[in-house]
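Heads up: the structure comes next, in structure tokens.
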Amino acid sequence: MGLDQDKICRCSKNEPALLHGALPESPLNCMRCKKTILLNDAIISNELKHAIFKWAKTYNSLFTLWSDTMEYREWAKQKLQDEIGSINLEGLQLAQQCNVMRKTYYWMFQDNSDKDYVQPQHCPFCGASMVSILKNDFKVCHDCRVAYPDKQTS
Ligand SMILES: [Zn+2]
Ligand SMILES: [Zn+2]
């Protein structure tokens, strides 16, 4: 894939990663520098790499229906927002399997362009308070490895 070298993460393996299904070419990204973690170089099995790309393709199809269509927008949003829906459960599982390489959080879809969107204060899985990480726009649950974006300000 033709990714620029300066878009590739060079951080230490101690920096957390984010699995982001709406980026099918580079679903795994560094939370510190926000650059791509190359799956081909990642110290994970080929099966897992393959599973991540396959899942991200499906995820991106749903995401595109939400972002680019009127007809399927609401339907796709429901699927993406359903924390225990199959696309998200699979993503959470894949993120957990990436933990052997780097601590990996799962980017949970929220329609943060919606003016009524409120960033969740509590984890939908365990109820713990969501906390900030690395001074970026996410709040995460460290136990469940789930990350929610902040409300869009612009
Ligand atoms: Zn990095
Ligand atoms: Zn939790």
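Please note that chains go A, B, ... in the order of the structure tokens, that every chain numbers its residues from 1, and that ligands are numbered from 1 in the order shown.
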
Would you name the residues within 7 Å of ligand 1, counting only C-alpha atoms and all ligand atoms, and put them as an NGL selection string? :A and (9-11 or 15 or 30-35)

Would you list the contacts of stretch 106-113 of chain A as a PyMOL selection string, taking every protein, DNA or RNA residue within 6 Å and counting only C-alpha atoms, but skipping same-chain residues closer than 5 positions in sequence? chain A and resi 18-20+80-81+92+95+146-148+151-152

Environment of ligand 2 within 8 Å, counting only C-alpha atoms and all ligand atoms, reported as a ChimeraX atom specification: /A:122-130,141-146

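With only C-alpha atoms as the basis for measurement, A:Asn99 is the residue among A:Ile84, A:Lys79, A:Asn99, A:Met70 that approaches A:Ile44 most closely.
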
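Atom pair atom CA of A:Ala56 / atom CA of A:Ile87 has a distance of 9.3 Å (rounded to one decimal).
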
Give me, as number ranges by chain, all polymer residues having an atom no more than 8 Å from A:Leu94, counting only C-alpha atoms and skipping those fewer than 5 positions away in the same chain. A: 48, 51-52

Same residues, all heavy atoms, output as a tab-separated table (two decimals), in the first residue's frame:
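And here is the file that came out, again.tsv:
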```
chain	number	residue	atom	x	y	z
A	48	LEU	N	-4.88	-13.01	12.25
A	48	LEU	CA	-5.46	-11.82	12.87
A	48	LEU	C	-5.41	-10.62	11.92
A	48	LEU	O	-6.38	-9.87	11.82
A	48	LEU	CB	-4.73	-11.51	14.20
A	48	LEU	CG	-5.24	-10.30	14.98
A	48	LEU	CD1	-6.74	-10.40	15.25
A	48	LEU	CD2	-4.48	-10.17	16.30
A	51	ALA	N	-8.14	-11.08	9.50
A	51	ALA	CA	-9.44	-10.87	10.14
A	51	ALA	C	-9.71	-9.38	10.34
A	51	ALA	O	-10.84	-8.92	10.16
A	51	ALA	CB	-9.48	-11.61	11.48
A	52	ILE	N	-8.66	-8.62	10.67
A	52	ILE	CA	-8.84	-7.18	10.89
A	52	ILE	C	-9.21	-6.49	9.58
A	52	ILE	O	-10.16	-5.70	9.53
A	52	ILE	CB	-7.55	-6.55	11.48
A	52	ILE	CG1	-7.36	-7.02	12.92
A	52	ILE	CG2	-7.63	-5.02	11.43
A	52	ILE	CD1	-6.03	-6.61	13.54
```

Identify which of the residues A:Trp66, A:Phe138, A:Tyr59, A:Phe53 lies closest to A:Gly85, counting only C-alpha atoms when measuring atom-to-atom distances.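 Closest to A:Gly85 of all the choices is A:Tyr59.
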
Expected answer as an MDAnalysis selection string: helix (DSSP H, G or I) residues in stretch 27-125 of chain A: chainID A and resid 46:68 73:81 86:98

Report as a list in words: the residues of stretch 5-121 of chain A with a DSSP assignment of strand (DSSP E), based on the backbone of this structure. Ala17, Leu18, Leu19, Leu28, Asn29, Cys30, Thr104, Tyr105, Tyr106 and Trp107 of chain A

Check the smallest atom-to-atom distance from each of A:Leu28, A:Val118, A:Val100, A:Val140 to A:Asn14 using only C-alpha atoms, then report the winner.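 Closest to A:Asn14, using only C-alpha atoms: A:Val100.
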
Residue contacts of A:Leu62 (12 Å, only C-alpha atoms) excluding same-chain residues fewer than 6 positions away, as a list in words: Gly21, Ala22, Leu23, Pro24, Trp55, Ala56, Asp68, Thr69, Tyr72, Arg73, Glu74, Trp75, Ala76, Lys77, Gln78, Lys79, Leu80, Gln81, Ile87, Asn88 and Phe109 of chain A

At what distance in Å, to one decimal, does atom CA of A:Lys115 lie from atom CA of A:Asp82?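 Interatomic distance here is 19.2 Å.
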
By how many Å are atom CA of A:Ala17 and atom CA of A:Asn46 apart? 18.5 Å
